[in-house]
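S.K.: Supplied structure: query_29.cif, mmCIF, C-alpha atoms.
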```cif
data_protein
#
loop_
_atom_site.label_atom_id
_atom_site.label_comp_id
_atom_site.auth_asym_id
_atom_site.auth_seq_id
_atom_site.Cartn_x
_atom_site.Cartn_y
_atom_site.Cartn_z
CA MET A 159 -63.76 -18.81 -167.09
CA ASN A 160 -67.13 -20.15 -166.02
CA ASP A 161 -69.50 -20.08 -169.02
CA GLU A 162 -72.44 -19.29 -166.76
CA ALA A 163 -70.73 -16.43 -164.94
CA ILE A 164 -71.80 -12.79 -165.32
CA ALA A 165 -69.39 -9.98 -164.49
CA ILE A 166 -70.80 -6.62 -163.39
CA LEU A 167 -68.31 -3.78 -163.38
CA GLY A 168 -69.54 -1.05 -161.08
CA GLY A 169 -71.49 -3.76 -159.29
CA THR A 170 -71.09 -1.69 -156.14
CA GLY A 171 -73.48 0.98 -157.43
CA ASP A 172 -77.24 0.84 -156.92
CA GLN A 173 -78.22 -0.54 -160.32
CA GLY A 174 -75.23 -2.87 -160.69
CA LEU A 175 -75.77 -4.29 -157.23
CA GLY A 176 -79.43 -4.79 -158.07
CA LEU A 177 -78.52 -6.86 -161.14
CA ALA A 178 -75.94 -8.81 -159.10
CA LEU A 179 -78.63 -9.69 -156.56
CA ARG A 180 -81.07 -10.79 -159.26
CA PHE A 181 -78.57 -12.91 -161.21
CA ALA A 182 -77.28 -14.49 -157.98
CA LYS A 183 -80.85 -15.25 -156.99
CA ALA A 184 -81.34 -16.91 -160.40
CA GLY A 185 -78.45 -19.21 -159.51
CA ARG A 186 -75.85 -17.69 -161.82
CA PRO A 187 -72.25 -17.14 -160.67
CA VAL A 188 -71.69 -13.40 -160.33
CA VAL A 189 -68.40 -11.51 -160.43
CA ILE A 190 -68.60 -7.98 -159.06
CA GLY A 191 -65.98 -5.60 -160.37
CA SER A 192 -64.91 -2.26 -158.97
CA ARG A 193 -61.99 0.12 -159.37
CA LYS A 194 -61.15 -0.81 -155.76
CA GLU A 195 -61.10 -4.50 -154.93
CA ALA A 196 -62.12 -3.87 -151.31
CA ARG A 197 -65.38 -2.25 -152.44
CA ALA A 198 -66.09 -5.16 -154.80
CA ILE A 199 -65.54 -7.63 -151.96
CA ALA A 200 -67.88 -5.64 -149.68
CA ALA A 201 -70.58 -5.68 -152.38
CA ALA A 202 -70.11 -9.43 -152.87
CA ASP A 203 -70.61 -9.89 -149.12
CA GLU A 204 -73.81 -7.89 -149.35
CA VAL A 205 -75.14 -10.16 -152.13
CA ARG A 206 -74.22 -13.24 -150.12
CA LYS A 207 -76.15 -11.91 -147.13
CA ALA A 208 -79.25 -11.22 -149.22
CA VAL A 209 -79.21 -14.38 -151.36
CA GLU A 210 -78.69 -17.70 -149.65
CA GLY A 211 -76.09 -19.81 -151.42
CA ALA A 212 -75.09 -17.00 -153.78
CA ASP A 213 -72.00 -17.77 -155.87
CA VAL A 214 -70.44 -14.31 -155.93
CA VAL A 215 -66.95 -12.83 -155.74
CA GLY A 216 -65.56 -9.31 -155.74
CA LEU A 217 -62.54 -8.35 -157.84
CA GLU A 218 -60.84 -5.33 -159.34
CA ASN A 219 -62.42 -4.47 -162.74
CA ALA A 220 -59.82 -5.99 -165.07
CA GLU A 221 -59.62 -9.19 -163.02
CA ALA A 222 -63.43 -9.43 -162.95
CA THR A 223 -63.52 -8.98 -166.74
CA ALA A 224 -61.45 -12.10 -167.27
CA GLN A 225 -63.89 -14.26 -165.28
CA ALA A 226 -67.05 -14.15 -167.38
CA PRO A 227 -68.17 -14.35 -171.03
CA VAL A 228 -70.58 -11.47 -170.43
CA VAL A 229 -69.29 -8.27 -168.84
CA ILE A 230 -71.89 -5.68 -167.83
CA LEU A 231 -70.74 -2.07 -167.50
CA SER A 232 -72.67 -0.39 -164.70
CA VAL A 233 -70.52 2.64 -164.06
CA PRO A 234 -71.48 6.34 -164.06
CA PHE A 235 -71.36 7.69 -167.61
CA GLU A 236 -68.31 9.85 -166.91
CA HIS A 237 -66.32 6.73 -165.97
CA THR A 238 -67.36 4.73 -169.01
CA ALA A 239 -64.43 5.52 -171.32
CA SER A 240 -61.80 5.08 -168.62
CA THR A 241 -63.33 1.81 -167.48
CA VAL A 242 -63.38 0.34 -171.01
CA LYS A 243 -59.81 1.49 -171.61
CA GLY A 244 -58.81 -0.11 -168.29
CA ILE A 245 -60.24 -3.54 -169.18
CA ARG A 246 -59.31 -3.53 -172.86
CA ASP A 247 -56.33 -5.84 -172.41
CA ALA A 248 -58.31 -8.18 -170.18
CA LEU A 249 -60.99 -8.78 -172.81
CA ALA A 250 -60.78 -11.91 -174.96
CA PRO A 251 -62.32 -12.54 -178.42
CA GLY A 252 -65.95 -13.57 -178.20
CA GLN A 253 -66.72 -11.86 -174.93
CA ILE A 254 -69.76 -9.58 -174.78
CA LEU A 255 -69.69 -6.12 -173.26
CA VAL A 256 -73.10 -4.90 -172.09
CA SER A 257 -73.57 -1.15 -171.86
CA MET A 258 -76.25 -0.05 -169.43
CA GLY A 259 -74.94 3.49 -169.04
CA VAL A 260 -76.85 6.68 -169.80
CA PRO A 261 -75.22 10.05 -170.61
CA LEU A 262 -77.13 11.87 -167.85
CA ALA A 263 -76.23 15.53 -167.53
CA THR A 264 -75.11 14.82 -163.96
CA ALA A 265 -71.81 14.01 -165.70
CA ILE A 266 -71.34 17.77 -166.15
CA GLY A 267 -72.93 18.87 -162.89
CA ASP A 268 -76.42 19.35 -164.38
CA GLY A 269 -79.49 17.27 -163.49
CA PRO A 270 -80.44 13.64 -164.23
CA VAL A 271 -83.58 14.56 -166.17
CA ARG A 272 -81.48 15.74 -169.11
CA THR A 273 -78.67 14.19 -171.11
CA VAL A 274 -75.48 15.34 -172.77
CA GLY A 275 -74.73 14.58 -176.40
CA VAL A 276 -72.26 11.81 -177.12
CA TRP A 277 -70.14 12.14 -180.24
CA GLN A 278 -70.57 8.45 -181.07
CA GLY A 279 -74.37 8.74 -180.63
CA SER A 280 -74.85 6.99 -177.30
CA CYS A 281 -73.03 5.58 -174.32
CA ALA A 282 -73.32 2.13 -175.90
CA GLU A 283 -71.72 3.30 -179.15
CA LEU A 284 -68.96 5.01 -177.15
CA VAL A 285 -68.30 1.65 -175.48
CA ALA A 286 -68.31 -0.11 -178.87
CA SER A 287 -65.86 2.43 -180.27
CA LEU A 288 -63.38 1.68 -177.48
CA ALA A 289 -63.84 -2.09 -177.26
CA PRO A 290 -61.62 -4.49 -179.21
CA ASN A 291 -63.11 -5.42 -182.60
CA ASP A 292 -63.60 -9.05 -181.62
CA VAL A 293 -65.68 -8.14 -178.57
CA ALA A 294 -69.36 -7.39 -179.25
CA THR A 295 -71.10 -4.51 -177.51
CA VAL A 296 -74.76 -4.89 -176.59
CA SER A 297 -77.02 -2.27 -175.02
CA ALA A 298 -79.50 -3.27 -172.29
CA PHE A 299 -80.96 -2.64 -168.81
CA GLN A 300 -80.84 1.20 -168.94
CA ASN A 301 -84.51 1.70 -168.03
CA VAL A 302 -84.64 -0.73 -165.11
CA ALA A 303 -84.90 1.03 -161.74
CA ALA A 304 -82.22 0.15 -159.18
CA HIS A 305 -84.71 0.03 -156.34
CA ARG A 306 -86.95 -2.43 -158.16
CA LEU A 307 -83.96 -4.67 -158.93
CA GLN A 308 -82.90 -4.71 -155.29
CA ASP A 309 -86.43 -5.47 -154.09
CA LEU A 310 -85.94 -9.22 -154.47
CA PRO A 311 -89.38 -10.42 -153.32
CA HIS A 312 -91.11 -8.56 -156.16
CA PRO A 313 -90.91 -8.90 -159.95
CA VAL A 314 -89.50 -5.97 -161.93
CA GLU A 315 -92.30 -4.77 -164.19
CA CYS A 316 -90.29 -3.46 -167.11
CA ASP A 317 -89.40 -4.22 -170.71
CA VAL A 318 -85.71 -4.27 -171.58
CA LEU A 319 -84.76 -3.08 -175.07
CA VAL A 320 -81.69 -5.04 -176.10
CA SER A 321 -79.78 -3.79 -179.12
CA GLY A 322 -76.55 -4.81 -180.82
CA PRO A 323 -75.23 -7.52 -183.16
CA LYS A 324 -77.69 -10.37 -183.52
CA GLU A 325 -76.12 -13.37 -181.77
CA PRO A 326 -74.73 -11.47 -178.75
CA ARG A 327 -78.01 -9.58 -178.55
CA GLN A 328 -79.90 -12.84 -178.27
CA ARG A 329 -77.59 -14.02 -175.51
CA VAL A 330 -78.21 -10.84 -173.52
CA MET A 331 -81.95 -11.14 -174.14
CA ALA A 332 -81.77 -14.56 -172.47
CA LEU A 333 -80.11 -12.96 -169.43
CA CYS A 334 -83.01 -10.53 -169.04
CA GLU A 335 -85.36 -13.42 -168.67
CA LEU A 336 -83.46 -14.55 -165.53
CA VAL A 337 -85.06 -11.63 -163.68
CA PRO A 338 -88.74 -12.14 -162.83
CA GLY A 339 -90.86 -9.49 -164.54
CA LEU A 340 -88.27 -8.29 -167.03
CA ARG A 341 -89.20 -8.93 -170.66
CA ALA A 342 -86.50 -8.80 -173.30
CA ILE A 343 -87.39 -6.86 -176.44
CA ASP A 344 -85.34 -7.19 -179.63
CA GLY A 345 -84.13 -3.61 -179.97
CA GLY A 346 -82.32 -4.08 -183.28
CA PRO A 347 -79.03 -2.36 -184.08
CA LEU A 348 -76.83 -0.82 -181.39
CA ALA A 349 -77.60 2.73 -182.55
CA ASN A 350 -81.10 2.36 -181.08
CA ALA A 351 -79.40 2.70 -177.69
CA ARG A 352 -79.54 6.45 -178.44
CA ILE A 353 -83.27 6.36 -177.83
CA VAL A 354 -83.31 3.78 -175.05
CA GLU A 355 -80.72 5.72 -173.03
CA GLU A 356 -82.76 8.93 -173.33
CA ILE A 357 -85.84 7.15 -171.99
CA THR A 358 -84.01 6.80 -168.66
CA ALA A 359 -83.78 10.59 -168.28
CA LEU A 360 -87.50 10.81 -169.09
CA LEU A 361 -88.31 8.17 -166.45
CA ILE A 362 -86.18 9.95 -163.82
CA GLY A 363 -88.18 13.13 -164.43
CA LEU A 364 -91.44 11.19 -164.20
CA ASN A 365 -90.32 9.49 -160.95
CA ALA A 366 -90.01 12.96 -159.39
CA ARG A 367 -93.16 14.39 -160.99
CA TYR A 368 -95.29 11.42 -159.89
CA LYS A 369 -93.46 10.86 -156.59
CA VAL A 370 -92.40 7.27 -157.28
CA PRO A 371 -89.00 6.94 -155.55
CA GLU A 372 -88.98 3.20 -156.32
CA GLY A 373 -88.84 4.11 -159.99
CA LEU A 374 -91.23 3.71 -162.90
CA GLY A 375 -90.73 1.26 -165.74
CA TRP A 376 -92.40 0.84 -169.10
CA ARG A 377 -93.80 -1.87 -171.33
CA LEU A 378 -94.73 -2.12 -174.95
CA THR A 379 -98.42 -2.65 -175.68
CA GLY A 380 -99.81 -4.58 -178.63
CA LEU A 381 -97.01 -7.15 -178.87
CA PRO A 382 -98.12 -10.59 -180.09
CA ASP A 383 -97.76 -13.32 -177.42
CA MET B 262 -114.90 30.10 -182.21
CA ASN B 263 -116.50 27.09 -180.50
CA ASP B 264 -114.72 26.48 -177.16
CA GLU B 265 -115.18 22.74 -177.53
CA ALA B 266 -113.78 22.54 -181.07
CA ILE B 267 -110.50 20.87 -181.94
CA ALA B 268 -108.66 21.78 -185.15
CA ILE B 269 -106.39 19.18 -186.74
CA LEU B 270 -104.08 20.52 -189.44
CA GLY B 271 -102.95 17.66 -191.61
CA GLY B 272 -106.13 15.92 -190.57
CA THR B 273 -106.13 14.24 -193.97
CA GLY B 274 -103.09 12.12 -193.00
CA ASP B 275 -103.35 8.75 -191.29
CA GLN B 276 -102.65 9.90 -187.75
CA GLY B 277 -104.50 13.21 -187.99
CA LEU B 278 -107.55 11.51 -189.47
CA GLY B 279 -107.38 8.95 -186.66
CA LEU B 280 -107.51 11.70 -184.04
CA ALA B 281 -110.33 13.42 -185.93
CA LEU B 282 -112.34 10.19 -185.86
CA ARG B 283 -111.74 9.72 -182.14
CA PHE B 284 -112.56 13.29 -181.12
CA ALA B 285 -115.68 13.29 -183.31
CA LYS B 286 -116.73 10.01 -181.73
CA ALA B 287 -116.26 11.62 -178.31
CA GLY B 288 -118.78 14.25 -179.40
CA ARG B 289 -116.37 17.14 -179.91
CA PRO B 290 -116.65 19.48 -182.90
CA VAL B 291 -113.70 18.78 -185.20
CA VAL B 292 -112.18 21.10 -187.79
CA ILE B 293 -109.94 19.37 -190.30
CA GLY B 294 -107.32 21.55 -191.92
CA SER B 295 -105.30 20.91 -195.04
CA ARG B 296 -103.21 22.95 -197.45
CA LYS B 297 -105.93 22.20 -199.98
CA GLU B 298 -109.49 22.83 -198.85
CA ALA B 299 -110.87 20.10 -201.11
CA ARG B 300 -108.79 17.46 -199.35
CA ALA B 301 -109.94 18.73 -195.95
CA ILE B 302 -113.56 18.51 -197.07
CA ALA B 303 -113.04 14.96 -198.33
CA ALA B 304 -111.52 13.96 -194.98
CA ALA B 305 -114.42 15.56 -193.12
CA ASP B 306 -116.82 13.51 -195.28
CA GLU B 307 -114.89 10.39 -194.33
CA VAL B 308 -115.27 11.19 -190.60
CA ARG B 309 -118.97 11.84 -191.05
CA LYS B 310 -119.37 8.46 -192.74
CA ALA B 311 -117.58 6.64 -189.92
CA VAL B 312 -119.08 8.50 -186.96
CA GLU B 313 -122.81 9.02 -186.87
CA GLY B 314 -123.74 12.61 -186.07
CA ALA B 315 -120.14 13.81 -186.26
CA ASP B 316 -119.77 17.60 -186.10
CA VAL B 317 -116.89 18.02 -188.52
CA VAL B 318 -115.87 20.48 -191.23
CA GLY B 319 -112.93 20.70 -193.62
CA LEU B 320 -111.12 23.99 -194.25
CA GLU B 321 -107.85 25.36 -195.54
CA ASN B 322 -105.24 25.37 -192.72
CA ALA B 323 -105.34 29.06 -191.78
CA GLU B 324 -109.13 29.09 -191.81
CA ALA B 325 -109.25 25.94 -189.70
CA THR B 326 -106.83 27.52 -187.23
CA ALA B 327 -109.24 30.34 -186.47
CA GLN B 328 -112.03 27.92 -185.56
CA ALA B 329 -110.70 26.20 -182.42
CA PRO B 330 -108.87 27.04 -179.19
CA VAL B 331 -106.68 23.97 -179.66
CA VAL B 332 -104.90 23.44 -182.97
CA ILE B 333 -103.17 20.11 -183.50
CA LEU B 334 -100.35 19.96 -186.04
CA SER B 335 -100.36 16.58 -187.74
CA VAL B 336 -98.23 17.28 -190.79
CA PRO B 337 -95.09 15.49 -192.01
CA PHE B 338 -92.03 16.92 -190.22
CA GLU B 339 -90.72 18.58 -193.37
CA HIS B 340 -93.91 20.64 -193.66
CA THR B 341 -93.92 21.73 -190.02
CA ALA B 342 -92.12 25.05 -190.35
CA SER B 343 -94.04 26.14 -193.45
CA THR B 344 -97.36 25.17 -191.87
CA VAL B 345 -96.70 27.16 -188.69
CA LYS B 346 -95.54 30.15 -190.73
CA GLY B 347 -98.70 29.85 -192.84
CA ILE B 348 -101.06 29.98 -189.84
CA ARG B 349 -99.10 32.51 -187.78
CA ASP B 350 -101.39 35.39 -188.59
CA ALA B 351 -104.50 33.31 -187.99
CA LEU B 352 -103.49 32.44 -184.42
CA ALA B 353 -104.98 34.46 -181.57
CA PRO B 354 -103.58 34.97 -178.03
CA GLY B 355 -104.42 32.06 -175.72
CA GLN B 356 -104.73 29.43 -178.42
CA ILE B 357 -102.78 26.20 -177.95
CA LEU B 358 -100.69 24.61 -180.69
CA VAL B 359 -100.18 20.88 -180.24
CA SER B 360 -97.11 19.39 -181.90
CA MET B 361 -97.39 15.68 -182.68
CA GLY B 362 -94.68 15.67 -185.33
CA VAL B 363 -91.52 13.58 -185.27
CA PRO B 364 -88.32 14.44 -187.16
CA LEU B 365 -88.20 11.08 -188.92
CA ALA B 366 -85.30 10.70 -191.33
CA THR B 367 -87.85 10.15 -194.11
CA ALA B 368 -87.73 13.97 -194.29
CA ILE B 369 -84.33 13.59 -195.98
CA GLY B 370 -85.11 10.42 -197.91
CA ASP B 371 -83.76 8.06 -195.24
CA GLY B 372 -85.87 5.60 -193.23
CA PRO B 373 -88.53 6.12 -190.51
CA VAL B 374 -86.61 4.13 -187.88
CA ARG B 375 -84.11 6.97 -187.51
CA THR B 376 -84.42 10.69 -186.88
CA VAL B 377 -82.67 13.84 -187.98
CA GLY B 378 -81.39 16.39 -185.48
CA VAL B 379 -83.42 19.54 -185.03
CA TRP B 380 -81.55 22.73 -184.14
CA GLN B 381 -84.21 23.71 -181.57
CA GLY B 382 -84.04 20.24 -179.98
CA SER B 383 -87.29 18.72 -181.25
CA CYS B 384 -90.15 19.24 -183.65
CA ALA B 385 -92.18 20.64 -180.76
CA GLU B 386 -89.50 23.19 -179.91
CA LEU B 387 -89.26 24.13 -183.59
CA VAL B 388 -93.01 24.80 -183.54
CA ALA B 389 -92.67 26.83 -180.32
CA SER B 390 -89.87 28.90 -181.86
CA LEU B 391 -92.09 29.85 -184.80
CA ALA B 392 -95.37 30.37 -182.93
CA PRO B 393 -96.42 33.79 -181.63
CA ASN B 394 -95.32 34.39 -178.01
CA ASP B 395 -98.87 34.47 -176.72
CA VAL B 396 -99.68 31.02 -178.17
CA ALA B 397 -98.54 28.06 -176.07
CA THR B 398 -97.00 25.00 -177.70
CA VAL B 399 -97.68 21.58 -176.19
CA SER B 400 -96.23 18.26 -177.31
CA ALA B 401 -98.46 15.15 -177.40
CA PHE B 402 -99.75 12.12 -179.37
CA GLN B 403 -96.45 11.27 -181.14
CA ASN B 404 -96.38 7.64 -180.03
CA VAL B 405 -99.99 6.79 -180.87
CA ALA B 406 -100.31 4.53 -183.90
CA ALA B 407 -102.53 5.81 -186.72
CA HIS B 408 -104.08 2.41 -187.32
CA ARG B 409 -105.09 2.03 -183.68
CA LEU B 410 -106.66 5.49 -183.70
CA GLN B 411 -108.68 4.67 -186.81
CA ASP B 412 -109.85 1.35 -185.37
CA LEU B 413 -112.81 2.93 -183.60
CA PRO B 414 -114.31 -0.18 -181.99
CA HIS B 415 -111.15 -0.79 -179.94
CA PRO B 416 -109.40 1.25 -177.25
CA VAL B 417 -105.92 2.60 -178.03
CA GLU B 418 -103.61 0.98 -175.48
CA CYS B 419 -101.01 3.70 -175.13
CA ASP B 420 -99.75 6.33 -172.73
CA VAL B 421 -99.44 9.85 -174.10
CA LEU B 422 -96.61 11.98 -172.74
CA VAL B 423 -97.81 15.57 -172.74
CA SER B 424 -95.21 18.27 -172.24
CA GLY B 425 -95.25 22.05 -172.32
CA PRO B 426 -96.33 24.97 -170.12
CA LYS B 427 -98.45 23.83 -167.19
CA GLU B 428 -101.98 25.12 -167.84
CA PRO B 429 -102.07 24.38 -171.60
CA ARG B 430 -100.45 21.02 -170.86
CA GLN B 431 -103.29 20.15 -168.51
CA ARG B 432 -105.84 21.13 -171.13
CA VAL B 433 -104.21 18.82 -173.69
CA MET B 434 -104.00 16.04 -171.11
CA ALA B 435 -107.77 16.31 -170.74
CA LEU B 436 -108.12 15.87 -174.52
CA CYS B 437 -106.20 12.59 -174.38
CA GLU B 438 -108.76 11.20 -172.01
CA LEU B 439 -111.44 11.62 -174.69
CA VAL B 440 -109.92 8.65 -176.51
CA PRO B 441 -110.67 5.27 -174.89
CA GLY B 442 -107.44 3.61 -173.81
CA LEU B 443 -105.19 6.63 -174.02
CA ARG B 444 -103.75 7.71 -170.68
CA ALA B 445 -102.32 11.21 -170.36
CA ILE B 446 -98.96 11.42 -168.59
CA ASP B 447 -97.60 14.72 -167.31
CA GLY B 448 -94.44 14.96 -169.37
CA GLY B 449 -93.13 18.17 -167.81
CA PRO B 450 -91.37 20.84 -169.85
CA LEU B 451 -91.60 21.03 -173.64
CA ALA B 452 -87.96 19.99 -174.08
CA ASN B 453 -88.94 16.46 -173.06
CA ALA B 454 -90.52 16.20 -176.50
CA ARG B 455 -86.96 15.45 -177.65
CA ILE B 456 -87.23 12.04 -176.04
CA VAL B 457 -90.90 11.37 -176.75
CA GLU B 458 -90.45 12.09 -180.46
CA GLU B 459 -87.52 9.66 -180.66
CA ILE B 460 -89.63 6.92 -179.12
CA THR B 461 -91.78 6.99 -182.27
CA ALA B 462 -88.80 6.00 -184.42
CA LEU B 463 -88.05 3.19 -181.97
CA LEU B 464 -91.65 1.97 -182.14
CA ILE B 465 -91.64 2.06 -185.96
CA GLY B 466 -88.58 -0.19 -185.93
CA LEU B 467 -90.21 -2.53 -183.45
CA ASN B 468 -93.42 -2.66 -185.53
CA ALA B 469 -91.35 -4.04 -188.40
CA ARG B 470 -89.19 -6.33 -186.26
CA TYR B 471 -92.19 -7.85 -184.48
CA LYS B 472 -94.50 -7.72 -187.52
CA VAL B 473 -97.20 -5.56 -185.93
CA PRO B 474 -98.53 -3.42 -188.81
CA GLU B 475 -101.26 -2.05 -186.51
CA GLY B 476 -98.53 -0.43 -184.46
CA LEU B 477 -97.19 -0.97 -180.95
CA GLY B 478 -97.75 1.42 -178.09
CA TRP B 479 -96.25 1.70 -174.64
CA ARG B 480 -97.28 2.30 -171.06
CA LEU B 481 -95.50 3.28 -167.90
CA THR B 482 -95.43 0.67 -165.16
CA GLY B 483 -95.41 1.38 -161.42
CA LEU B 484 -97.54 4.53 -161.59
CA PRO B 485 -99.76 5.10 -158.51
CA ASP B 486 -103.50 4.87 -159.27
#
```
What would you get if you wrote out this structure as structure tokens?
M.R.:
Amino acid sequence: MNDEAIAILGGTGDQGLGLALRFAKAGRPVVIGSRKEARAIAAADEVRKAVEGADVVGLENAEATAQAPVVILSVPFEHTASTVKGIRDALAPGQILVSMGVPLATAIGDGPVRTVGVWQGSCAELVASLAPNDVATVSAFQNVAAHRLQDLPHPVECDVLVSGPKEPRQRVMALCELVPGLRAIDGGPLANARIVEEITALLIGLNARYKVPEGLGWRLTGLPD
Amino acid sequence: MNDEAIAILGGTGDQGLGLALRFAKAGRPVVIGSRKEARAIAAADEVRKAVEGADVVGLENAEATAQAPVVILSVPFEHTASTVKGIRDALAPGQILVSMGVPLATAIGDGPVRTVGVWQGSCAELVASLAPNDVATVSAFQNVAAHRLQDLPHPVECDVLVSGPKEPRQRVMALCELVPGLRAIDGGPLANARIVEEITALLIGLNARYKVPEGLGWRLTGLPD
């Protein structure tokens, strides 16, 4: 396992691919995971085309999981539980799972401007409930628009609330800073993901209302430098 | 009833008083409401001391309600239902009730960084469920820090998500613009208050974590001019 590597499961989707592009551009080795290896390989090719010298591979999810200390889950909410169950045996003590999922109501055929309730409180807490006890779950990146991530020439003007256990949280906060424009905010305990996830549904509604297909972001005001 | 007047029930509290100061400073007649008239009068005196020429009176809640086309509810969450029930008969068709309450868990003796679930979905929807049918409920101002509102020499750097029925929503959005720094955002249907209210609990946690007693705010990024 390469200590610098970042695995992104569902790295074939819009937001996951966007993160893969940004981390590759920042010079980090990227491992794209997918349920189907062929799709992961195709996404890796895409990153290589967009980022000169990108160190990126595509693997099936469980194989990708074993390649990096930090594993980002970027799968549709309805595939979250099955994905975590599928990589459970591939996870090793000390690895960090990053939940960027949002329980959008699209999971039940309703629209993306609303959410469904999650028994555990949030997608991130669902992930934590299914992950091995010696693997920390951290919540991050939910409010970052896919289009802005993929638009490599421009910074992504957005704050990223990172919540979860302290030390893993700080490691994920450092990852945010690899992406120009992103600012990591200490979001405290994992349960705060309940609020951060909901903000995504609010932003999706605002994107439509204000006709911003590239996607809005948000920043805190009044923070000391 | 003065068409320009704004009533603020719970205008004796930190956030309500802050709004009263700002609207008075913007030259609007302000009616402060409280359960106890004497407290409302004292708060009105305070506004008059801080804002030269302020047109402000203090009245008992139901009396205050009858004085303005827009009635802002700025009471602790646990007093929301009783306050709305208490002013129900004083409300006239076409008036607008503005909910700025947040179901902070302080209502049940827990902390302000968490919320309690509201059957109707949010404090704003609770208000709407209790208000007469011919009175529109609009959600706004939840995320604006009391201290920043009261700090009259400085603008309040915060976006205000305003949600509710279209025409009343637009009227409340116009009120936001009376306060330097506040930017009104079209927050769509009232149910979006569920998310906006939660953001307050997140901000209260961040205020403590980042040691910003004055209170953080937030702004959308990527919005067209």
S.K.: To verify the selection step, state as a list in words which residues the PyMOL selection byres ((chain A) within 7 of (chain B)) yields on this input.
M.R.: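 Applied to this file, the PyMOL selection byres ((chain A) within 7 of (chain B)) returns Glu315, Cys316, Ile353, Glu356, Ile357, Leu374, Gly375, Trp376, Arg377, Leu378, Thr379, Gly380 and Leu381 of chain A.
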S.K.: Report as number ranges by chain the residues that result from applying the PyMOL selection byres ((chain B and resi 325) around 12) to the structure here.
M.R.: B: 262-263, 266-272, 290-298, 301-302, 317-324, 326-334, 347-348, 351-352
S.K.: Please return, as JSON, numbers by chain, all polymer residues that have at least one atom within 6 Å of the point (-102.6, 31.8, -179.5); use all atoms listed in the file and the file's own coordinate frame.
M.R.: {"B": [352, 353, 354, 355, 356, 357, 395, 396]}
S.K.: Which residue is closest to Ser257 in chain A? Choose from A:Leu336, A:Leu348, A:Ala342, A:Ala202 and count only C-alpha atoms.
M.R.: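 Between A:Leu336, A:Leu348, A:Ala342, A:Ala202, the residue approaching Ser257 in chain A most closely is A:Leu348.
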S.K.: Where does the PyMOL selection byres ((chain B and resi 308) around 8) land in this file, that is, which residues does it pick, as a list in words?
M.R.: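 Checked against the file, the PyMOL selection byres ((chain B and resi 308) around 8) matches Leu278, Ala281, Leu282, Ala285, Ala304, Ala305, Asp306, Glu307, Arg309, Lys310, Ala311, Val312, Ala315 and Val317 of chain B.
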S.K.: Would you pick out the contacts of Glu438 in chain B at 12 Å or less, using only C-alpha atoms, so that residues sharing its chain but fewer than 2 positions from it are not included, and give the list as number ranges by chain?
M.R.: B: 283-284, 287, 402, 416-421, 423, 431-436, 440-446
S.K.: Can you tell me, as a PyMOL selection string, what residues are no more than 10 Å from Lys346 in chain B when counting all atoms listed in the file, ignoring any on the same chain fewer than 4 positions away?
M.R.: chain B and resi 323+341-342+350-351+388+391-393
S.K.: Please compute the CA of Pro371 in chain A-CA of His305 in chain A distance, one decimal, in Å.
M.R.: 8.2 Å
S.K.: Using only C-alpha atoms, which of A:Val256, A:Asn301, A:Ser240, A:Phe235 sits nearest Val274 in chain A?
M.R.: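 Of all the options, A:Phe235 lies closest to Val274 in chain A.
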